[in-house]
>>> print(open('input.tsv').read())   # TSV, C-alpha atoms
chain	number	residue	atom	x	y	z
C	1	MET	CA	-14.55	93.90	58.91
C	2	GLU	CA	-10.96	92.66	59.12
C	3	LEU	CA	-8.85	92.73	55.97
C	4	LEU	CA	-8.54	88.94	55.81
C	5	GLN	CA	-12.27	88.45	56.26
C	6	ARG	CA	-12.99	90.94	53.52
C	7	PHE	CA	-10.49	89.15	51.27
C	8	ALA	CA	-12.08	85.76	51.98
C	9	ALA	CA	-15.46	87.29	51.11
C	10	GLY	CA	-14.11	88.31	47.70
C	11	ASP	CA	-13.43	92.02	48.28
C	12	LEU	CA	-11.02	93.13	45.53
C	13	GLU	CA	-9.75	96.11	47.53
C	14	ALA	CA	-8.82	93.82	50.41
C	15	PHE	CA	-7.03	91.54	47.96
C	16	GLU	CA	-5.13	94.52	46.55
C	17	ALA	CA	-4.08	95.56	50.06
C	18	LEU	CA	-2.83	92.02	50.78
C	19	PHE	CA	-1.09	91.89	47.41
C	20	ARG	CA	0.76	95.12	48.11
C	21	GLN	CA	1.69	93.97	51.61
C	22	HIS	CA	3.06	90.62	50.56
C	23	GLN	CA	4.23	90.88	46.92
C	24	ARG	CA	7.86	91.69	47.83
C	25	GLU	CA	8.20	88.83	50.24
C	26	VAL	CA	6.54	86.35	47.87
C	27	TYR	CA	8.77	87.54	45.00
C	28	ALA	CA	11.94	87.25	47.11
C	29	TRP	CA	11.00	83.72	48.20
C	30	ILE	CA	10.30	82.58	44.64
C	31	ALA	CA	13.45	84.26	43.29
C	32	ARG	CA	15.53	82.26	45.76
C	33	ILE	CA	14.04	79.06	44.38
C	34	VAL	CA	13.95	79.72	40.64
C	35	ARG	CA	16.90	82.17	40.49
C	36	ASP	CA	15.44	84.07	37.57
C	37	SER	CA	13.95	87.54	38.11
C	38	GLY	CA	11.60	87.41	35.10
C	39	ALA	CA	10.22	84.01	36.04
C	40	ALA	CA	9.95	85.13	39.66
C	41	GLU	CA	7.77	88.09	38.62
C	42	ASP	CA	5.48	85.87	36.56
C	43	LEU	CA	5.30	83.32	39.36
C	44	THR	CA	4.48	86.01	41.91
C	45	VAL	CA	1.46	87.00	39.83
C	46	GLU	CA	0.60	83.31	39.35
C	47	THR	CA	0.83	82.79	43.13
C	48	PHE	CA	-1.55	85.63	43.87
C	49	TRP	CA	-3.87	84.43	41.12
C	50	ARG	CA	-4.02	81.05	42.86
C	51	ILE	CA	-4.51	82.80	46.21
C	52	TYR	CA	-7.41	84.82	44.78
C	53	ARG	CA	-9.05	81.74	43.30
C	54	ALA	CA	-8.68	79.83	46.59
C	55	ARG	CA	-9.86	82.70	48.81
C	56	GLN	CA	-12.97	80.82	49.92
C	57	ARG	CA	-10.82	78.02	51.32
C	58	PHE	CA	-8.86	80.47	53.48
C	59	ASP	CA	-10.00	80.66	57.08
C	60	PRO	CA	-9.36	84.24	58.27
C	61	SER	CA	-9.86	83.36	61.94
C	62	ALA	CA	-7.39	80.48	62.01
C	63	GLY	CA	-5.24	81.21	59.02
C	64	ASN	CA	-1.82	82.73	58.75
C	65	PHE	CA	-1.91	84.50	55.38
C	66	ARG	CA	1.88	84.79	55.12
C	67	ALA	CA	2.42	81.05	55.64
C	68	TRP	CA	-0.45	80.21	53.28
C	69	ALA	CA	0.94	82.52	50.59
C	70	ARG	CA	4.41	81.05	50.99
C	71	ARG	CA	3.10	77.53	50.55
C	72	ILE	CA	1.22	78.49	47.39
C	73	ALA	CA	4.33	80.32	46.13
C	74	THR	CA	6.44	77.22	46.78
C	75	ASN	CA	3.99	75.08	44.80
C	76	ALA	CA	4.02	77.58	41.92
C	77	ALA	CA	7.83	77.59	41.93
C	78	LEU	CA	7.88	73.80	42.06
C	79	ASP	CA	5.57	73.64	39.03
C	80	HIS	CA	7.98	75.98	37.23
C	81	LEU	CA	10.94	73.73	38.08
C	82	ARG	CA	8.97	70.75	36.76
C	83	HIS	CA	8.19	72.48	33.46
C	84	PRO	CA	10.99	74.97	32.93
C	85	ARG	CA	11.38	77.21	29.93
C	86	ARG	CA	14.80	76.35	28.58
C	87	GLU	CA	15.85	79.86	27.69
C	88	THR	CA	15.33	81.29	31.15
C	89	GLU	CA	16.53	78.45	33.27
C	90	LEU	CA	19.14	79.51	35.79
C	91	SER	CA	19.82	82.72	33.93
C	92	GLU	CA	22.69	84.99	34.84
C	93	ASP	CA	20.53	87.22	37.00
C	94	TYR	CA	22.42	85.97	39.99
C	95	PRO	CA	25.91	85.16	38.65
C	96	ALA	CA	28.28	82.69	40.25
C	97	ALA	CA	31.47	83.69	41.99
C	98	THR	CA	34.44	83.55	39.63
C	99	HIS	CA	37.90	82.49	40.66
C	100	GLY	CA	40.56	80.14	39.36
C	101	ASP	CA	41.40	79.26	35.75
C	102	PRO	CA	38.48	80.57	33.64
C	103	ALA	CA	38.53	77.64	31.20
C	104	VAL	CA	38.55	75.02	33.95
C	105	ARG	CA	35.96	76.92	35.92
C	106	ARG	CA	33.71	77.09	32.87
C	107	GLU	CA	33.85	73.34	32.36
C	108	LEU	CA	33.29	72.56	36.03
C	109	ARG	CA	30.45	75.02	36.21
C	110	SER	CA	28.84	73.42	33.23
C	111	HIS	CA	29.10	69.97	34.86
C	112	ILE	CA	27.74	71.20	38.17
C	113	ARG	CA	24.93	73.14	36.54
C	114	ARG	CA	24.03	70.15	34.43
C	115	ALA	CA	24.00	67.82	37.43
C	116	PHE	CA	21.94	70.29	39.45
C	117	LEU	CA	19.43	70.94	36.66
C	118	GLU	CA	18.95	67.22	36.18
C	119	LEU	CA	17.81	66.78	39.76
C	120	PRO	CA	14.09	66.04	39.94
C	121	ALA	CA	12.21	69.24	40.82
C	122	LYS	CA	11.24	68.23	44.37
C	123	TYR	CA	14.88	67.48	45.20
C	124	ARG	CA	16.12	70.65	43.52
C	125	LEU	CA	13.67	72.68	45.55
C	126	VAL	CA	14.92	71.41	48.91
C	127	ALA	CA	18.56	71.38	47.78
C	128	THR	CA	18.32	75.02	46.72
C	129	LEU	CA	16.64	76.16	49.91
C	130	ALA	CA	18.63	74.01	52.36
C	131	LEU	CA	22.10	73.90	50.82
C	132	ILE	CA	22.33	77.17	48.92
C	133	GLU	CA	19.99	79.47	50.81
C	134	ASP	CA	20.63	77.97	54.28
C	135	GLU	CA	16.94	77.96	55.02
C	136	PRO	CA	16.11	75.97	58.20
C	137	TYR	CA	14.54	72.56	57.57
C	138	HIS	CA	11.37	73.42	59.48
C	139	GLU	CA	10.82	76.53	57.31
C	140	ILE	CA	11.27	74.48	54.13
C	141	ALA	CA	8.95	71.83	55.52
C	142	GLU	CA	6.22	74.37	56.25
C	143	ALA	CA	6.55	76.01	52.85
C	144	ALA	CA	6.56	72.71	50.96
C	145	GLY	CA	3.82	71.11	53.05
C	146	ILE	CA	5.96	68.16	54.10
C	147	SER	CA	7.61	67.08	57.34
C	148	ALA	CA	11.06	68.30	58.39
C	149	ALA	CA	12.18	64.66	58.39
C	150	LEU	CA	11.17	64.34	54.74
C	151	VAL	CA	13.07	67.53	53.91
C	152	LYS	CA	16.15	66.00	55.49
C	153	VAL	CA	15.70	62.79	53.50
C	154	ARG	CA	15.30	64.75	50.25
C	155	VAL	CA	18.41	66.81	50.92
C	156	PHE	CA	20.36	63.61	51.58
C	157	ARG	CA	19.04	62.02	48.38
C	158	ALA	CA	19.74	65.17	46.37
C	159	VAL	CA	23.35	65.15	47.53
C	160	ARG	CA	23.65	61.46	46.69
C	161	MET	CA	22.21	62.07	43.20
C	162	LEU	CA	24.54	65.01	42.62
C	163	ARG	CA	27.58	63.00	43.70
C	164	LYS	CA	26.59	60.12	41.45
C	165	LYS	CA	25.97	62.42	38.49
C	166	LEU	CA	29.23	64.31	38.94
C	167	ASN	CA	31.17	61.08	39.32
C	168	SER	CA	29.67	59.84	36.06
C	169	LEU	CA	30.90	63.07	34.45
C	170	GLY	CA	34.37	62.43	35.85
C	171	VAL	CA	34.21	65.07	38.58
C	172	GLU	CA	35.07	64.36	42.21
C	173	ALA	CA	33.35	66.75	44.59
C	174	THR	CA	36.42	66.99	46.82
C	175	ALA	CA	38.64	67.87	43.86
C	176	ILE	CA	36.67	70.95	42.82
S	1	MET	CA	40.05	56.51	59.71
S	2	ASN	CA	38.97	56.33	56.08
S	3	GLU	CA	35.47	57.19	54.89
S	4	ASP	CA	34.27	53.57	54.94
S	5	ASP	CA	35.04	53.30	58.65
S	6	MET	CA	33.23	56.51	59.58
S	7	PRO	CA	29.79	56.30	61.14
S	8	ILE	CA	27.17	56.81	58.41
S	9	LYS	CA	25.89	60.04	59.97
S	10	ILE	CA	29.31	61.70	59.95
S	11	THR	CA	29.90	60.64	56.32
S	12	ASN	CA	26.51	62.03	55.31
S	13	GLN	CA	27.23	65.32	57.04
S	14	LYS	CA	30.60	65.50	55.30
S	15	ASN	CA	28.98	64.85	51.90
S	16	GLU	CA	26.36	67.45	52.56
S	17	LYS	CA	28.92	70.05	53.65
S	18	GLU	CA	31.07	69.40	50.55
S	19	PHE	CA	28.13	69.83	48.23
S	20	GLN	CA	26.88	72.83	50.11
S	21	GLU	CA	30.20	74.61	49.51
S	22	LEU	CA	30.30	73.43	45.91
S	23	LEU	CA	26.79	74.63	45.14
S	24	LYS	CA	27.26	77.93	46.93
S	25	ARG	CA	30.29	78.65	44.78
S	26	GLU	CA	28.30	78.05	41.61
S	27	PHE	CA	25.01	79.48	42.79
S	28	PRO	CA	25.69	82.13	45.43
S	29	PRO	CA	22.85	82.60	47.89
S	30	ILE	CA	20.50	85.40	46.90
S	31	GLN	CA	20.82	87.77	49.81
S	32	SER	CA	18.15	90.19	48.73
S	33	ALA	CA	15.94	89.83	45.70
S	34	ASP	CA	14.33	93.22	45.43
S	35	LEU	CA	11.16	93.42	43.43
S	36	PRO	CA	11.99	95.88	40.65
S	37	ARG	CA	8.43	97.16	40.20
S	38	ASP	CA	4.92	96.98	41.50
S	39	LEU	CA	3.20	93.91	40.06
S	40	TRP	CA	-0.36	95.03	40.77
S	41	PRO	CA	-0.99	96.21	37.15
S	42	GLN	CA	0.04	92.73	35.92
S	43	MET	CA	-2.20	91.17	38.55
S	44	LEU	CA	-5.15	93.27	37.40
S	45	ARG	CA	-4.58	92.19	33.79
S	46	ARG	CA	-4.54	88.58	34.96
S	47	LEU	CA	-7.77	89.06	36.90
S	48	ASP	CA	-9.43	90.72	33.90
S	49	ALA	CA	-8.35	87.88	31.64
S	50	GLN	CA	-10.06	85.21	33.71
S	51	PRO	CA	-12.45	83.14	31.59
S	52	VAL	CA	-16.16	83.83	31.91
S	53	ARG	CA	-17.73	81.10	34.02
S	54	VAL	CA	-21.24	80.09	33.10
S	55	PRO	CA	-23.32	79.30	36.22
S	56	TRP	CA	-24.59	75.72	36.51
S	57	PHE	CA	-28.26	76.80	36.30
S	58	ASP	CA	-27.64	78.36	32.87
S	59	TRP	CA	-26.35	74.99	31.66
S	60	ALA	CA	-29.40	73.31	33.23
S	61	LEU	CA	-31.69	75.74	31.38
S	62	VAL	CA	-29.97	75.02	28.06
S	63	ALA	CA	-30.22	71.26	28.70
S	64	ALA	CA	-33.93	71.54	29.55
S	65	LEU	CA	-34.58	73.57	26.40
S	66	ALA	CA	-32.65	71.09	24.25
S	67	ALA	CA	-34.62	68.19	25.76
S	68	ALA	CA	-37.93	70.00	25.21
S	69	LEU	CA	-37.09	70.65	21.56
S	70	LEU	CA	-36.03	67.03	21.11
S	71	PHE	CA	-39.33	65.70	22.45
S	72	PHE	CA	-41.51	68.44	20.91
S	73	PRO	CA	-39.89	69.39	17.59
S	74	GLY	CA	-43.13	71.13	16.62
S	75	ALA	CA	-42.23	73.84	19.14
S	76	ILE	CA	-39.14	74.90	17.14
S	77	PRO	CA	-41.03	77.28	14.76
S	78	ALA	CA	-42.85	78.82	17.74
S	79	LEU	CA	-39.55	79.31	19.54
S	80	LEU	CA	-37.94	80.87	16.46
S	81	TYR	CA	-40.96	83.16	16.07
S	82	HIS	CA	-40.52	84.44	19.62
S	83	LEU	CA	-36.75	84.96	19.33
>>> encode(input="input.tsv", output="structure tokens")
Amino acid sequence: MELLQRFAAGDLEAFEALFRQHQREVYAWIARIVRDSGAAEDLTVETFWRIYRARQRFDPSAGNFRAWARRIATNAALDHLRHPRRETELSEDYPAATHGDPAVRRELRSHIRRAFLELPAKYRLVATLALIEDEPYHEIAEAAGISAALVKVRVFRAVRMLRKKLNSLGVEATAI
Amino acid sequence: MNEDDMPIKITNQKNEKEFQELLKREFPPIQSADLPRDLWPQMLRRLDAQPVRVPWFDWALVAALAAALLFFPGAIPALLYHL
């Protein structure tokens, strides 16, 4: 029997094989969204836990496991962004580039971080993937289970919210 | 041509580009997030920790027994005797 069919039938060995095949890719995808290695590890396990629980809904003949796993991973990451743990949010796992006056940079960084963190989770998700990670709109759309047009709209709205927030903090985007 | 005179699409693209550069400076793209260790042991712990699910027919049996005892309380000593 094929690996996917065995997995769908509840075979734990098949699930382990799929886990080992896909854990790195799922982790890397989640890490790009949440930008915290510890949270990304936990969310990778959470993703596969959800995958295991939903195995009966997976159609091995029609299904693309990689795409399915990525969508579940995106939902898990989105849930994390909605209910973040303060102490781990945007940790220094992946530090920002540093140049210019350190004191000024620190203040600007704090404003930008604040504005970005205050974006609603669904906008932060698309803004991170589209603007920071340069992920194509259709890939984001597939992972988030929405249309590419809606991704575009959310990116536009995220930018508008960021501009508004930074302006209210006295920061002009062009002046940074 | 100032920004107000620009077609909306061009202005939007300019905004997006500005913020893209801004965000990338503060949050550099993660080129490669390597998984530091195998997560299968954690996954196994998670699988082992799943709550025990009681099948629906067990609940039905308990409900039937409770109903029987409610309607025939005289059966309680007999039941206790057989336990």
>>> closest_atom_pairs(input="input.tsv", of="chain C", to="chain S", cutoff="9 Å", atoms="only C-alpha atoms", output="CSV")
residue,atom,partner,partner_atom,distance
C:Glu16,CA,S:Trp40,CA,7.5
C:Phe19,CA,S:Trp40,CA,7.4
C:Arg20,CA,S:Trp40,CA,7.4
C:Gln23,CA,S:Leu39,CA,7.6
C:Arg24,CA,S:Leu35,CA,5.8
C:Glu25,CA,S:Leu35,CA,8.7
C:Tyr27,CA,S:Leu35,CA,6.5
C:Ala28,CA,S:Ala33,CA,5.0
C:Trp29,CA,S:Ala33,CA,8.2
C:Ala31,CA,S:Ala33,CA,6.6
C:Arg32,CA,S:Ile30,CA,6.0
C:Arg35,CA,S:Ile30,CA,8.0
C:Ser37,CA,S:Ala33,CA,8.2
C:Glu41,CA,S:Leu39,CA,7.5
C:Asp42,CA,S:Gln42,CA,8.8
C:Thr44,CA,S:Leu39,CA,8.2
C:Val45,CA,S:Met43,CA,5.7
C:Glu46,CA,S:Met43,CA,8.4
C:Phe48,CA,S:Met43,CA,7.7
C:Trp49,CA,S:Leu47,CA,7.4
C:Tyr52,CA,S:Leu47,CA,9.0
C:Tyr94,CA,S:Ile30,CA,7.2
C:Pro95,CA,S:Phe27,CA,7.1
C:Ala96,CA,S:Glu26,CA,4.8
C:Ala97,CA,S:Arg25,CA,5.9
C:Thr98,CA,S:Arg25,CA,8.2
C:Arg109,CA,S:Glu26,CA,6.6
C:Ile112,CA,S:Glu26,CA,7.7
C:Arg113,CA,S:Glu26,CA,7.8
C:Phe116,CA,S:Leu23,CA,8.6
C:Ala127,CA,S:Gln20,CA,8.8
C:Thr128,CA,S:Leu23,CA,8.6
C:Ala130,CA,S:Gln20,CA,8.6
C:Leu131,CA,S:Gln20,CA,4.9
C:Ile132,CA,S:Lys24,CA,5.4
C:Glu133,CA,S:Pro29,CA,5.1
C:Asp134,CA,S:Pro29,CA,8.2
C:Val155,CA,S:Glu16,CA,8.1
C:Phe156,CA,S:Glu16,CA,7.2
C:Val159,CA,S:Glu16,CA,6.3
C:Arg160,CA,S:Asn15,CA,8.2
C:Leu162,CA,S:Phe19,CA,8.2
C:Arg163,CA,S:Phe19,CA,8.2
C:Ala173,CA,S:Glu18,CA,6.9
C:Thr174,CA,S:Glu18,CA,7.0
C:Ile176,CA,S:Leu22,CA,7.5
>>> atom_distance(input="input.tsv", atom1="atom CA of Leu129 of chain C", atom2="atom CA of His83 of chain C")
18.9 Å
>>> atom_distance(input="input.tsv", atom1="atom CA of Asn64 of chain C", atom2="atom CA of Leu4 of chain C")
9.6 Å
>>> closest_residue(input="input.tsv", among="C:Glu13, C:Asn75, C:Leu166, C:Thr47", to="Ser110 of chain C", atoms="all atoms listed in the file")
C:Leu166
>>> atom_distance(input="input.tsv", atom1="atom CA of Ala121 of chain C", atom2="atom CA of Arg157 of chain C")
12.5 Å
>>> closest_residue(input="input.tsv", among="C:Val153, C:Leu169, C:Arg55, C:Gly38", to="Leu12 of chain C", atoms="only C-alpha atoms")
C:Arg55
>>> axis_aligned_box(input="input.tsv", around="segment 25-38 of chain S", padding_each_side="8 Å", output="lines of an AutoDock Vina configuration file")
center_x = 17.6
center_y = 87.6
center_z = 45.0
size_x = 41.4
size_y = 35.1
size_z = 25.6
